[in-house]
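Pasting protein.tsv here (TSV, C-alpha atoms):
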```tsv
chain	number	residue	atom	x	y	z
A	1	MET	CA	-28.38	9.55	28.47
A	2	PRO	CA	-27.59	13.01	27.07
A	3	LEU	CA	-24.41	13.33	25.07
A	4	ASP	CA	-22.76	15.93	27.32
A	5	VAL	CA	-23.19	13.62	30.33
A	6	LEU	CA	-21.67	10.81	28.29
A	7	ILE	CA	-18.72	13.05	27.37
A	8	ARG	CA	-18.13	13.79	31.08
A	9	VAL	CA	-18.37	10.09	31.93
A	10	PHE	CA	-15.87	9.31	29.16
A	11	ALA	CA	-13.53	12.05	30.41
A	12	VAL	CA	-13.59	10.65	33.95
A	13	LEU	CA	-13.11	7.13	32.63
A	14	THR	CA	-10.20	8.28	30.47
A	15	THR	CA	-8.48	9.90	33.44
A	16	GLN	CA	-8.97	6.80	35.56
A	17	LEU	CA	-7.78	4.52	32.77
A	18	SER	CA	-4.70	6.69	32.18
A	19	LEU	CA	-3.88	6.59	35.89
A	20	THR	CA	-4.42	2.83	35.91
A	21	ALA	CA	-2.16	2.56	32.86
A	22	ILE	CA	0.57	4.48	34.72
A	23	ALA	CA	0.10	2.24	37.73
A	24	GLY	CA	0.10	-0.81	35.42
A	25	SER	CA	3.36	0.40	33.91
A	26	GLY	CA	4.84	0.59	37.40
A	27	LEU	CA	3.62	-2.89	38.16
A	28	SER	CA	5.01	-4.23	34.89
A	29	TRP	CA	8.31	-2.50	35.53
A	30	SER	CA	8.67	-3.98	39.02
A	31	LEU	CA	7.59	-7.39	37.85
A	32	ALA	CA	10.03	-7.19	34.95
A	33	SER	CA	12.81	-6.15	37.34
A	34	VAL	CA	12.00	-9.13	39.57
A	35	ILE	CA	12.01	-11.49	36.60
A	36	LYS	CA	15.22	-10.04	35.23
A	37	GLY	CA	16.96	-10.01	38.58
A	38	ALA	CA	15.88	-13.47	39.68
A	39	PRO	CA	18.63	-16.10	39.61
A	40	ILE	CA	16.81	-18.31	37.14
A	41	PRO	CA	18.98	-19.48	34.22
A	42	LEU	CA	16.23	-19.32	31.59
A	43	ARG	CA	16.86	-17.11	28.57
A	44	GLU	CA	13.17	-16.92	27.55
A	45	LEU	CA	12.20	-15.68	31.00
A	46	LYS	CA	14.86	-12.96	30.91
A	47	GLU	CA	13.67	-11.92	27.45
A	48	PHE	CA	10.08	-11.80	28.70
A	49	GLY	CA	11.18	-9.53	31.53
A	50	GLN	CA	13.03	-7.33	29.06
A	51	SER	CA	9.96	-7.04	26.79
A	52	LEU	CA	7.76	-6.25	29.80
A	53	GLN	CA	10.06	-3.41	30.75
A	54	ILE	CA	10.10	-2.03	27.20
A	55	ASP	CA	6.31	-2.21	26.97
A	56	ALA	CA	5.95	-0.45	30.32
A	57	ILE	CA	8.21	2.41	29.18
A	58	LYS	CA	6.41	2.61	25.81
A	59	ALA	CA	3.00	2.76	27.50
A	60	LEU	CA	4.16	5.50	29.88
A	61	PHE	CA	5.63	7.49	27.02
A	62	LEU	CA	2.49	7.16	24.89
A	63	VAL	CA	0.19	8.14	27.76
A	64	ALA	CA	2.33	11.24	28.33
A	65	ILE	CA	2.32	12.16	24.64
A	66	TYR	CA	-1.43	11.64	24.25
A	67	SER	CA	-2.22	13.59	27.42
A	68	SER	CA	-0.11	16.47	26.10
A	69	VAL	CA	-1.83	16.42	22.71
A	70	ALA	CA	-5.29	16.20	24.31
A	71	SER	CA	-4.45	19.09	26.65
A	72	LEU	CA	-3.21	21.12	23.68
A	73	ILE	CA	-6.43	20.46	21.74
A	74	ALA	CA	-8.55	21.38	24.77
A	75	TRP	CA	-6.51	24.56	25.30
A	76	VAL	CA	-6.91	25.58	21.62
A	77	ALA	CA	-10.65	24.81	21.78
A	78	VAL	CA	-11.05	26.98	24.89
A	79	LEU	CA	-8.99	29.70	23.23
A	80	LEU	CA	-11.13	29.59	20.08
A	81	SER	CA	-14.43	29.49	21.99
A	82	SER	CA	-13.38	32.46	24.13
A	83	ALA	CA	-12.31	34.40	21.02
A	84	ALA	CA	-15.58	33.67	19.17
B	1	MET	CA	-31.43	18.00	18.62
B	2	ILE	CA	-27.74	17.33	19.27
B	3	GLY	CA	-25.34	19.97	17.99
B	4	ILE	CA	-22.55	19.00	15.65
B	5	GLY	CA	-19.97	20.49	18.02
B	6	LEU	CA	-21.19	18.27	20.84
B	7	LEU	CA	-20.90	15.23	18.61
B	8	ILE	CA	-17.34	16.20	17.66
B	9	ALA	CA	-16.48	16.65	21.35
B	10	PHE	CA	-17.99	13.23	22.01
B	11	ILE	CA	-15.74	11.69	19.33
B	12	TYR	CA	-12.71	13.39	20.89
B	13	SER	CA	-13.58	11.92	24.28
B	14	GLN	CA	-14.21	8.54	22.65
B	15	CYS	CA	-10.75	8.64	21.05
B	16	ALA	CA	-9.16	9.57	24.36
B	17	LEU	CA	-10.94	6.70	26.11
B	18	GLU	CA	-9.87	4.25	23.42
B	19	PHE	CA	-6.28	5.44	23.57
B	20	SER	CA	-6.07	5.19	27.36
B	21	LEU	CA	-7.62	1.72	27.18
B	22	GLY	CA	-4.96	0.75	24.65
B	23	ALA	CA	-2.23	2.20	26.86
B	24	LEU	CA	-3.55	0.29	29.86
B	25	TRP	CA	-3.65	-2.88	27.80
B	26	HIS	CA	-0.11	-2.25	26.62
B	27	ALA	CA	1.13	-1.53	30.15
B	28	LEU	CA	-0.37	-4.62	31.79
B	29	PRO	CA	2.00	-7.54	32.36
B	30	LEU	CA	0.15	-9.90	30.03
B	31	PRO	CA	2.06	-13.12	29.38
B	32	ARG	CA	1.00	-13.75	25.76
B	33	PRO	CA	2.16	-11.43	22.96
B	34	GLU	CA	-1.03	-11.97	20.91
B	35	TRP	CA	-3.10	-10.60	23.80
B	36	LYS	CA	-0.73	-7.70	24.19
B	37	ALA	CA	-1.08	-6.86	20.49
B	38	TYR	CA	-4.55	-5.40	21.10
B	39	GLY	CA	-3.03	-2.51	23.05
B	40	PRO	CA	-1.07	-0.96	20.15
B	41	THR	CA	-4.01	-1.65	17.81
B	42	LEU	CA	-6.39	0.23	20.08
B	43	MET	CA	-3.96	3.13	20.36
B	44	TRP	CA	-3.42	3.20	16.60
B	45	ASP	CA	-7.19	3.18	15.94
B	46	ALA	CA	-7.68	6.01	18.42
B	47	THR	CA	-4.96	8.04	16.71
B	48	VAL	CA	-6.45	7.44	13.26
B	49	SER	CA	-9.94	8.43	14.48
B	50	LEU	CA	-8.49	11.52	16.13
B	51	PHE	CA	-6.80	12.42	12.86
B	52	ALA	CA	-10.06	11.84	10.94
B	53	ILE	CA	-12.09	14.12	13.19
B	54	SER	CA	-9.34	16.73	13.42
B	55	SER	CA	-9.06	16.97	9.65
B	56	LEU	CA	-12.74	17.82	9.19
B	57	SER	CA	-11.93	21.24	7.73
B	58	ALA	CA	-9.31	19.69	5.45
B	59	VAL	CA	-11.92	17.23	4.18
B	60	GLN	CA	-14.32	20.12	3.52
B	61	VAL	CA	-11.65	22.03	1.58
B	62	LEU	CA	-10.72	18.90	-0.37
B	63	MET	CA	-14.37	18.28	-1.22
B	64	SER	CA	-14.99	21.80	-2.50
B	65	TRP	CA	-11.77	21.61	-4.54
B	66	LEU	CA	-12.80	18.26	-6.03
B	67	SER	CA	-16.30	19.57	-6.80
B	68	SER	CA	-15.00	22.66	-8.56
B	69	MET	CA	-12.46	20.58	-10.49
B	70	LEU	CA	-15.15	18.12	-11.63
B	71	ASN	CA	-17.49	20.95	-12.61
B	72	GLU	CA	-14.75	22.47	-14.73
B	73	THR	CA	-13.78	19.14	-16.28
B	74	PHE	CA	-17.33	18.08	-17.15
B	75	PRO	CA	-19.21	21.26	-17.95
B	76	GLY	CA	-22.84	20.38	-18.51
B	77	PRO	CA	-25.07	22.01	-21.09
B	78	PHE	CA	-26.57	24.04	-18.26
B	79	SER	CA	-24.78	25.65	-15.39
B	80	SER	CA	-27.50	25.10	-12.79
B	81	SER	CA	-28.63	21.62	-11.85
B	82	THR	CA	-32.26	22.90	-11.63
B	83	ALA	CA	-32.31	23.56	-15.39
B	84	SER	CA	-30.73	20.15	-16.06
B	85	PHE	CA	-33.32	18.46	-13.86
B	86	ALA	CA	-36.15	20.35	-15.60
B	87	LEU	CA	-34.90	19.19	-19.01
B	88	ILE	CA	-34.41	15.59	-17.91
B	89	THR	CA	-37.82	15.37	-16.24
B	90	SER	CA	-39.57	16.99	-19.21
B	91	GLN	CA	-37.93	14.54	-21.62
B	92	LEU	CA	-38.88	11.55	-19.51
B	93	VAL	CA	-42.43	12.77	-18.96
B	94	LEU	CA	-42.73	13.41	-22.71
B	95	VAL	CA	-41.67	9.86	-23.55
B	96	ASP	CA	-43.97	8.43	-20.87
B	97	THR	CA	-46.94	10.45	-22.06
B	98	THR	CA	-46.27	9.71	-25.73
B	99	LEU	CA	-46.11	5.98	-25.14
B	100	LEU	CA	-49.27	6.06	-23.02
B	101	LEU	CA	-51.09	8.17	-25.60
B	102	ILE	CA	-50.08	5.85	-28.46
B	103	VAL	CA	-51.35	2.81	-26.58
B	104	ALA	CA	-54.53	4.57	-25.43
B	105	GLY	CA	-55.20	6.05	-28.90
B	106	VAL	CA	-54.77	2.76	-30.75
B	107	SER	CA	-56.73	0.81	-28.14
B	108	SER	CA	-59.65	3.23	-28.31
B	109	THR	CA	-60.32	2.40	-31.98
B	110	VAL	CA	-62.44	-0.69	-32.53
B	111	VAL	CA	-60.59	-1.91	-35.62
B	112	LEU	CA	-57.05	-1.56	-34.19
B	113	GLU	CA	-57.87	-2.84	-30.71
B	114	PRO	CA	-55.81	-6.06	-31.08
B	115	VAL	CA	-52.88	-3.93	-32.29
B	116	GLY	CA	-53.36	-1.78	-29.21
B	117	GLU	CA	-53.12	-4.84	-27.03
B	118	VAL	CA	-49.87	-5.87	-28.73
B	119	LEU	CA	-48.55	-2.34	-28.36
B	120	ALA	CA	-49.49	-2.32	-24.66
B	121	ARG	CA	-47.52	-5.53	-24.18
B	122	MET	CA	-44.60	-4.07	-26.12
B	123	PHE	CA	-44.58	-0.68	-24.44
B	124	GLY	CA	-45.51	-1.87	-20.93
B	125	PRO	CA	-41.93	-2.52	-19.75
B	126	ALA	CA	-40.75	0.69	-21.44
B	127	ILE	CA	-43.46	2.74	-19.70
B	128	SER	CA	-42.65	1.23	-16.31
B	129	GLY	CA	-38.93	1.79	-16.98
B	130	VAL	CA	-39.46	5.43	-17.82
B	131	THR	CA	-41.71	5.90	-14.76
B	132	THR	CA	-39.03	4.30	-12.59
B	133	ALA	CA	-36.48	6.66	-14.13
B	134	ILE	CA	-38.69	9.66	-13.28
B	135	ILE	CA	-38.91	8.44	-9.67
B	136	LEU	CA	-35.12	7.82	-9.61
B	137	TRP	CA	-34.36	11.31	-10.90
B	138	SER	CA	-36.77	12.83	-8.37
B	139	ILE	CA	-34.96	10.97	-5.58
B	140	ILE	CA	-31.59	12.13	-6.95
B	141	GLN	CA	-32.87	15.71	-7.04
B	142	ILE	CA	-34.05	15.50	-3.42
B	143	VAL	CA	-30.74	13.97	-2.32
B	144	ILE	CA	-28.72	16.64	-4.17
B	145	SER	CA	-30.77	19.45	-2.63
B	146	LEU	CA	-30.62	17.97	0.90
B	147	PHE	CA	-27.10	16.55	1.01
B	148	PRO	CA	-25.10	19.77	1.48
B	149	ARG	CA	-26.88	20.17	4.84
B	150	VAL	CA	-26.65	16.49	5.77
B	151	TRP	CA	-23.19	15.38	4.65
B	152	LEU	CA	-21.36	16.84	7.65
B	153	TRP	CA	-23.63	14.92	10.00
B	154	SER	CA	-23.14	11.79	7.97
B	155	TYR	CA	-19.35	12.21	8.04
B	156	VAL	CA	-19.16	12.96	11.77
B	157	LEU	CA	-21.52	10.07	12.54
B	158	GLY	CA	-19.23	7.88	10.43
B	159	VAL	CA	-16.19	8.97	12.44
B	160	SER	CA	-18.16	8.31	15.63
B	161	PHE	CA	-18.80	4.72	14.55
B	162	TYR	CA	-15.23	4.44	13.26
B	163	ALA	CA	-13.85	5.47	16.66
B	164	LEU	CA	-15.75	2.81	18.64
B	165	PRO	CA	-13.31	0.71	20.67
B	166	PHE	CA	-12.31	-2.75	19.40
B	167	ARG	CA	-13.36	-1.79	15.84
B	168	LEU	CA	-16.99	-2.57	16.62
B	169	GLY	CA	-18.39	-0.03	14.15
B	170	ARG	CA	-15.35	0.40	11.95
B	171	ARG	CA	-16.86	-0.97	8.75
B	172	LEU	CA	-20.09	1.03	9.06
B	173	GLY	CA	-18.17	4.15	10.06
B	174	ALA	CA	-15.74	3.91	7.16
B	175	TYR	CA	-18.62	3.32	4.75
B	176	LEU	CA	-20.56	6.31	6.11
B	177	MET	CA	-17.50	8.57	5.86
B	178	THR	CA	-16.54	7.61	2.33
B	179	SER	CA	-20.09	7.50	0.97
B	180	SER	CA	-20.84	10.95	2.39
B	181	ILE	CA	-17.75	12.37	0.63
B	182	VAL	CA	-18.38	10.49	-2.62
B	183	ILE	CA	-22.07	11.46	-2.76
B	184	ALA	CA	-21.38	15.09	-1.92
B	185	VAL	CA	-18.70	15.36	-4.62
B	186	ALA	CA	-19.98	13.14	-7.43
B	187	LEU	CA	-23.78	13.28	-7.26
B	188	PRO	CA	-24.30	16.99	-8.15
B	189	ILE	CA	-22.55	16.50	-11.52
B	190	LEU	CA	-24.79	13.57	-12.49
B	191	PRO	CA	-27.53	15.61	-14.31
B	192	SER	CA	-25.02	17.59	-16.38
B	193	LEU	CA	-23.05	14.44	-17.09
B	194	ALA	CA	-26.21	12.57	-18.19
B	195	LEU	CA	-27.18	15.40	-20.55
B	196	ALA	CA	-23.63	15.59	-21.95
B	197	PHE	CA	-23.72	11.82	-22.47
B	198	GLN	CA	-27.10	12.13	-24.16
B	199	GLY	CA	-25.63	14.61	-26.64
B	200	LEU	CA	-22.63	12.35	-27.15
B	201	ILE	CA	-24.65	9.29	-28.16
B	202	GLY	CA	-26.71	11.12	-30.76
B	203	TYR	CA	-29.89	12.40	-29.12
B	204	GLU	CA	-29.57	15.82	-30.70
B	205	GLY	CA	-28.93	14.36	-34.17
B	206	ALA	CA	-31.98	12.12	-33.88
B	207	PHE	CA	-34.06	15.04	-32.65
B	208	ARG	CA	-32.85	17.16	-35.60
B	209	ASN	CA	-33.77	14.34	-38.02
B	210	LEU	CA	-37.23	14.18	-36.48
B	211	ALA	CA	-37.66	17.94	-36.86
B	212	ASP	CA	-36.51	17.63	-40.51
B	213	LEU	CA	-39.07	14.91	-41.12
B	214	ALA	CA	-41.77	17.03	-39.53
B	215	SER	CA	-40.88	19.97	-41.76
B	216	GLN	CA	-40.81	17.71	-44.83
B	217	ILE	CA	-44.37	16.54	-44.12
B	218	THR	CA	-45.61	20.10	-44.55
B	219	THR	CA	-43.39	20.98	-47.53
B	220	LYS	CA	-43.49	17.67	-49.48
B	221	PRO	CA	-46.91	16.03	-49.11
B	222	LEU	CA	-46.06	13.43	-51.77
B	223	ALA	CA	-43.14	12.09	-49.74
B	224	VAL	CA	-45.33	11.25	-46.73
B	225	PRO	CA	-45.12	7.42	-47.20
B	226	THR	CA	-41.29	7.63	-47.32
B	227	ILE	CA	-41.27	9.88	-44.28
B	228	ILE	CA	-43.55	7.51	-42.35
B	229	ALA	CA	-41.30	4.60	-43.31
B	230	SER	CA	-38.23	6.35	-41.90
B	231	LEU	CA	-40.08	7.54	-38.81
B	232	PRO	CA	-39.57	4.36	-36.69
B	233	GLN	CA	-35.80	4.45	-37.21
B	234	VAL	CA	-35.52	8.11	-36.21
B	235	LEU	CA	-37.85	7.65	-33.24
B	236	GLY	CA	-36.03	4.47	-32.23
B	237	THR	CA	-32.64	6.24	-32.26
B	238	MET	CA	-34.01	9.08	-30.17
B	239	ILE	CA	-35.68	6.84	-27.61
B	240	ALA	CA	-32.61	4.59	-27.42
B	241	ALA	CA	-30.39	7.62	-26.71
B	242	LEU	CA	-32.89	8.78	-24.09
B	243	VAL	CA	-33.11	5.39	-22.42
B	244	ILE	CA	-29.34	4.87	-22.39
B	245	SER	CA	-28.50	8.33	-21.09
B	246	LEU	CA	-31.34	8.93	-18.64
B	247	ILE	CA	-32.17	5.43	-17.40
B	248	VAL	CA	-29.17	3.15	-17.89
B	249	PHE	CA	-26.47	5.77	-17.33
B	250	PRO	CA	-27.63	7.04	-13.89
B	251	VAL	CA	-28.06	3.48	-12.62
B	252	ALA	CA	-24.57	2.57	-13.85
B	253	TYR	CA	-23.18	5.81	-12.39
B	254	LEU	CA	-24.75	5.15	-8.97
B	255	PHE	CA	-23.41	1.60	-9.07
B	256	ALA	CA	-19.93	2.94	-9.88
B	257	LEU	CA	-20.24	5.41	-6.99
B	258	SER	CA	-21.21	2.64	-4.59
B	259	LEU	CA	-18.19	0.62	-5.75
B	260	LEU	CA	-15.95	3.66	-5.27
B	261	ALA	CA	-17.34	4.25	-1.77
B	262	ARG	CA	-16.81	0.59	-0.86
B	263	SER	CA	-13.26	0.60	-2.20
B	264	ALA	CA	-12.45	3.81	-0.33
B	265	ALA	CA	-14.03	2.35	2.83
B	266	SER	CA	-11.86	-0.74	2.63
B	267	LEU	CA	-8.85	1.47	1.90
B	268	ILE	CA	-9.28	3.37	5.17
B	269	GLY	CA	-9.64	0.16	7.12
B	270	GLY	CA	-13.33	-0.62	6.94
B	271	SER	CA	-12.81	-4.24	6.00
B	272	SER	CA	-10.67	-5.41	8.87
B	273	PRO	CA	-12.80	-7.60	11.12
B	274	MET	CA	-10.91	-7.03	14.37
B	275	SER	CA	-14.02	-7.34	16.53
B	276	THR	CA	-14.39	-10.97	15.54
B	277	SER	CA	-10.72	-11.72	16.06
B	278	PHE	CA	-10.75	-9.77	19.31
B	279	PHE	CA	-13.49	-11.86	20.87
B	280	LEU	CA	-12.70	-15.14	19.20
B	281	GLY	CA	-8.94	-14.86	18.71
B	282	PRO	CA	-7.79	-15.52	22.30
B	283	SER	CA	-10.32	-18.29	22.80
B	284	ARG	CA	-9.10	-19.90	19.58
B	285	GLN	CA	-5.54	-19.61	20.83
B	286	ILE	CA	-6.48	-21.20	24.15
B	287	ALA	CA	-8.40	-23.95	22.38
B	288	ARG	CA	-5.43	-24.59	20.10
B	289	GLY	CA	-3.16	-24.72	23.14
B	290	LEU	CA	-5.46	-27.21	24.83
B	291	THR	CA	-5.65	-29.46	21.81
B	292	ASP	CA	-1.86	-29.43	21.16
```
Can you dump the structure from the file as structure tokens?
Amino acid sequence: MPLDVLIRVFAVLTTQLSLTAIAGSGLSWSLASVIKGAPIPLRELKEFGQSLQIDAIKALFLVAIYSSVASLIAWVAVLLSSAA
Amino acid sequence: MIGIGLLIAFIYSQCALEFSLGALWHALPLPRPEWKAYGPTLMWDATVSLFAISSLSAVQVLMSWLSSMLNETFPGPFSSSTASFALITSQLVLVDTTLLLIVAGVSSTVVLEPVGEVLARMFGPAISGVTTAIILWSIIQIVISLFPRVWLWSYVLGVSFYALPFRLGRRLGAYLMTSSIVIAVALPILPSLALAFQGLIGYEGAFRNLADLASQITTKPLAVPTIIASLPQVLGTMIAALVISLIVFPVAYLFALSLLARSAASLIGGSSPMSTSFFLGPSRQIARGLTD
């Protein structure tokens, strides 16, 4: 498989994985809310829900940051290639 | 032929894929923290690989700075490595030819034939050592002449292996990256360094003594027996300096370079076997849970 095709495949996969990560964050968030809001008197379960929520927010934040950085790099690359 | 720009773009896309995989892993509601730990690791590895490929120009600048600093610190007897190589090769070829001629000359006489056989046994390892050194120096010369065009490929290929998800090619990638930098910086100064070392351990003094003895033969014919008696010591000193500086020294230097490359590779994370722990870690955890 030529490398440019592989790059395109990777780009598509990255987009799909990022979208899945955002969806996964939503799922984790809702699950965490359910766990936290459930009337179960177990401290460990509540802490698990709390950590799930934190991880979901962290993942969303990191995806946003990385997408911004990747877009910036791509923009600079396009700028440089058009200037050259 | 793949262009270097395409390979760099491929590494960028690889990093992005690894990062999004890590983010997905981190976002999934996995119940066990040790499974979840792979997400941040993947993201961290992707960030490090992205930094490594983005700082390609910085690495180039650092390398040229290091090279110029080393060239200034260890100035060789000759400014160009071609002249150093010519001198080294001529010295080695001279020793090789001299030893061969001595053995062949003594063996050709009928009376001294047993002596020739003894000499052949004595000089055999030395001749093969010198021939090996000639081959080694030729290889070093080829590598030095080719490496400026190859090192960038080697470095980028190293980053490409380094950026593979789940640290599958991390060790190889780190080793490729560090060895390409170490070879490109340290190998070109080897000929000058070897010649400087040769001067330091007394090759020039021994050579001057030999020239003195040769001039004494013509000026003082009566002192020939004394001169011949002191000849082995002078020759021995010269050949020892030659062997140490041109055969032992480059081998030791290359060994030191390989150690340096390995240390640098482990410093940038080439020794962490995450792939094994990734595939075996969870199963071990499950097995431990089942046995408890």
Residue contacts of Leu6 of chain B (12 Å, only C-alpha atoms) excluding same-chain residues fewer than 5 positions away, as a PyMOL selection string: (chain A and resi 2-8) or (chain B and resi 1+11-13+153+156-157+160)
Kindly provide the residues of chain B that approach chain A to within 10 Å, each paired with its closest atom pair and their distance in Å to one decimal, based on only C-alpha atoms, listed by chain and increasing number, as a Markdown table.
```
| residue | atom | partner | partner_atom | distance |
| --- | --- | --- | --- | --- |
| B:Ile2 | CA | A:Leu3 | CA | 7.8 |
| B:Gly3 | CA | A:Leu3 | CA | 9.8 |
| B:Leu6 | CA | A:Asp4 | CA | 7.1 |
| B:Leu7 | CA | A:Leu3 | CA | 7.6 |
| B:Ala9 | CA | A:Ile7 | CA | 7.4 |
| B:Phe10 | CA | A:Ile7 | CA | 5.4 |
| B:Ile11 | CA | A:Ile7 | CA | 8.7 |
| B:Tyr12 | CA | A:Ala70 | CA | 8.6 |
| B:Ser13 | CA | A:Phe10 | CA | 6.0 |
| B:Gln14 | CA | A:Phe10 | CA | 6.8 |
| B:Cys15 | CA | A:Thr14 | CA | 9.4 |
| B:Ala16 | CA | A:Thr14 | CA | 6.3 |
| B:Leu17 | CA | A:Thr14 | CA | 4.7 |
| B:Glu18 | CA | A:Thr14 | CA | 8.1 |
| B:Phe19 | CA | A:Tyr66 | CA | 7.9 |
| B:Ser20 | CA | A:Ser18 | CA | 5.2 |
| B:Leu21 | CA | A:Leu17 | CA | 6.3 |
| B:Gly22 | CA | A:Ala59 | CA | 8.7 |
| B:Ala23 | CA | A:Ala59 | CA | 5.3 |
| B:Leu24 | CA | A:Ala21 | CA | 4.0 |
| B:Trp25 | CA | A:Ala21 | CA | 7.6 |
| B:His26 | CA | A:Ala59 | CA | 6.0 |
| B:Ala27 | CA | A:Ser25 | CA | 4.8 |
| B:Leu28 | CA | A:Gly24 | CA | 5.3 |
| B:Pro29 | CA | A:Ser28 | CA | 5.1 |
| B:Leu30 | CA | A:Leu52 | CA | 8.4 |
| B:Pro31 | CA | A:Phe48 | CA | 8.2 |
| B:Arg32 | CA | A:Phe48 | CA | 9.7 |
| B:Pro33 | CA | A:Ser51 | CA | 9.7 |
| B:Lys36 | CA | A:Asp55 | CA | 9.4 |
| B:Gly39 | CA | A:Ala59 | CA | 9.2 |
| B:Pro40 | CA | A:Ala59 | CA | 9.2 |
| B:Met43 | CA | A:Leu62 | CA | 8.9 |
| B:Thr47 | CA | A:Tyr66 | CA | 9.1 |
| B:Leu50 | CA | A:Ala70 | CA | 10.0 |
| B:Ser54 | CA | A:Ile73 | CA | 9.6 |
```
Using C-alpha atoms, can you export the residues from the last selection as a PDB file, in the coordinates of the input?
```
ATOM      1  CA  ILE B   2     -27.740  17.330  19.270  1.00  0.00           C
ATOM      2  CA  GLY B   3     -25.340  19.970  17.990  1.00  0.00           C
ATOM      3  CA  LEU B   6     -21.190  18.270  20.840  1.00  0.00           C
ATOM      4  CA  LEU B   7     -20.900  15.230  18.610  1.00  0.00           C
ATOM      5  CA  ALA B   9     -16.480  16.650  21.350  1.00  0.00           C
ATOM      6  CA  PHE B  10     -17.990  13.230  22.010  1.00  0.00           C
ATOM      7  CA  ILE B  11     -15.740  11.690  19.330  1.00  0.00           C
ATOM      8  CA  TYR B  12     -12.710  13.390  20.890  1.00  0.00           C
ATOM      9  CA  SER B  13     -13.580  11.920  24.280  1.00  0.00           C
ATOM     10  CA  GLN B  14     -14.210   8.540  22.650  1.00  0.00           C
ATOM     11  CA  CYS B  15     -10.750   8.640  21.050  1.00  0.00           C
ATOM     12  CA  ALA B  16      -9.160   9.570  24.360  1.00  0.00           C
ATOM     13  CA  LEU B  17     -10.940   6.700  26.110  1.00  0.00           C
ATOM     14  CA  GLU B  18      -9.870   4.250  23.420  1.00  0.00           C
ATOM     15  CA  PHE B  19      -6.280   5.440  23.570  1.00  0.00           C
ATOM     16  CA  SER B  20      -6.070   5.190  27.360  1.00  0.00           C
ATOM     17  CA  LEU B  21      -7.620   1.720  27.180  1.00  0.00           C
ATOM     18  CA  GLY B  22      -4.960   0.750  24.650  1.00  0.00           C
ATOM     19  CA  ALA B  23      -2.230   2.200  26.860  1.00  0.00           C
ATOM     20  CA  LEU B  24      -3.550   0.290  29.860  1.00  0.00           C
ATOM     21  CA  TRP B  25      -3.650  -2.880  27.800  1.00  0.00           C
ATOM     22  CA  HIS B  26      -0.110  -2.250  26.620  1.00  0.00           C
ATOM     23  CA  ALA B  27       1.130  -1.530  30.150  1.00  0.00           C
ATOM     24  CA  LEU B  28      -0.370  -4.620  31.790  1.00  0.00           C
ATOM     25  CA  PRO B  29       2.000  -7.540  32.360  1.00  0.00           C
ATOM     26  CA  LEU B  30       0.150  -9.900  30.030  1.00  0.00           C
ATOM     27  CA  PRO B  31       2.060 -13.120  29.380  1.00  0.00           C
ATOM     28  CA  ARG B  32       1.000 -13.750  25.760  1.00  0.00           C
ATOM     29  CA  PRO B  33       2.160 -11.430  22.960  1.00  0.00           C
ATOM     30  CA  LYS B  36      -0.730  -7.700  24.190  1.00  0.00           C
ATOM     31  CA  GLY B  39      -3.030  -2.510  23.050  1.00  0.00           C
ATOM     32  CA  PRO B  40      -1.070  -0.960  20.150  1.00  0.00           C
ATOM     33  CA  MET B  43      -3.960   3.130  20.360  1.00  0.00           C
ATOM     34  CA  THR B  47      -4.960   8.040  16.710  1.00  0.00           C
ATOM     35  CA  LEU B  50      -8.490  11.520  16.130  1.00  0.00           C
ATOM     36  CA  SER B  54      -9.340  16.730  13.420  1.00  0.00           C
TER      37      SER B  54
END
```
Atom CA of Thr226 of chain B to atom CA of Leu99 of chain B, straight-line distance in Å: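 Going from atom CA of Leu99 of chain B over to atom CA of Thr226 of chain B, I get 22.8 Å.
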Atom CA of Ser71 of chain A to atom CA of Leu176 of chain B, distance in Å rounded to a single decimal: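 Taking atom CA of Ser71 of chain A as the start and atom CA of Leu176 of chain B as the end point, the length is 29.1 Å.
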Close residues, Lys46 of chain A itself excluded, 7 Å, all atoms listed in the file, min 3 positions apart in chain, as a list in words: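 The residues satisfying every condition are Ile35, Lys36, Leu42, Arg43, Gly49 and Gln50 of chain A.
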What are the centre and edge lengths in Å, to one decimal, of the axis-aligned box around all listed atoms of segment 69-78 of chain A with 3 Å added on each side, as JSON?
```
{"center_x": -6.4, "center_y": 21.6, "center_z": 24.1, "size_x": 15.2, "size_y": 16.8, "size_z": 11.0}
```
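The space separating atom CA of Ala58 of chain B from atom CA of Ile8 of chain B comes to 15.0 Å.
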Pick from B:Thr73, B:Ser55, B:Thr82, B:Ser266 nearest to Tyr175 of chain B, counting all atoms listed in the file: B:Ser266
Top pick for closest residue to Ile4 of chain B, considering B:Val150, B:Val251, B:Val103, B:Ile88 and counting all atoms listed in the file: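 The answer is B:Val150, which sits nearest to Ile4 of chain B.
Among the candidates B:Trp151, B:Phe51, B:Phe161, B:Phe197, the residue lying nearest to Met63 of chain B is B:Trp151 (atoms considered: only C-alpha atoms).
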Near-Phe255 of chain B list (12 Å; only C-alpha atoms; drop same-chain fewer than 6 positions) as a PyMOL selection string: chain B and resi 183+187+248-249+261-262
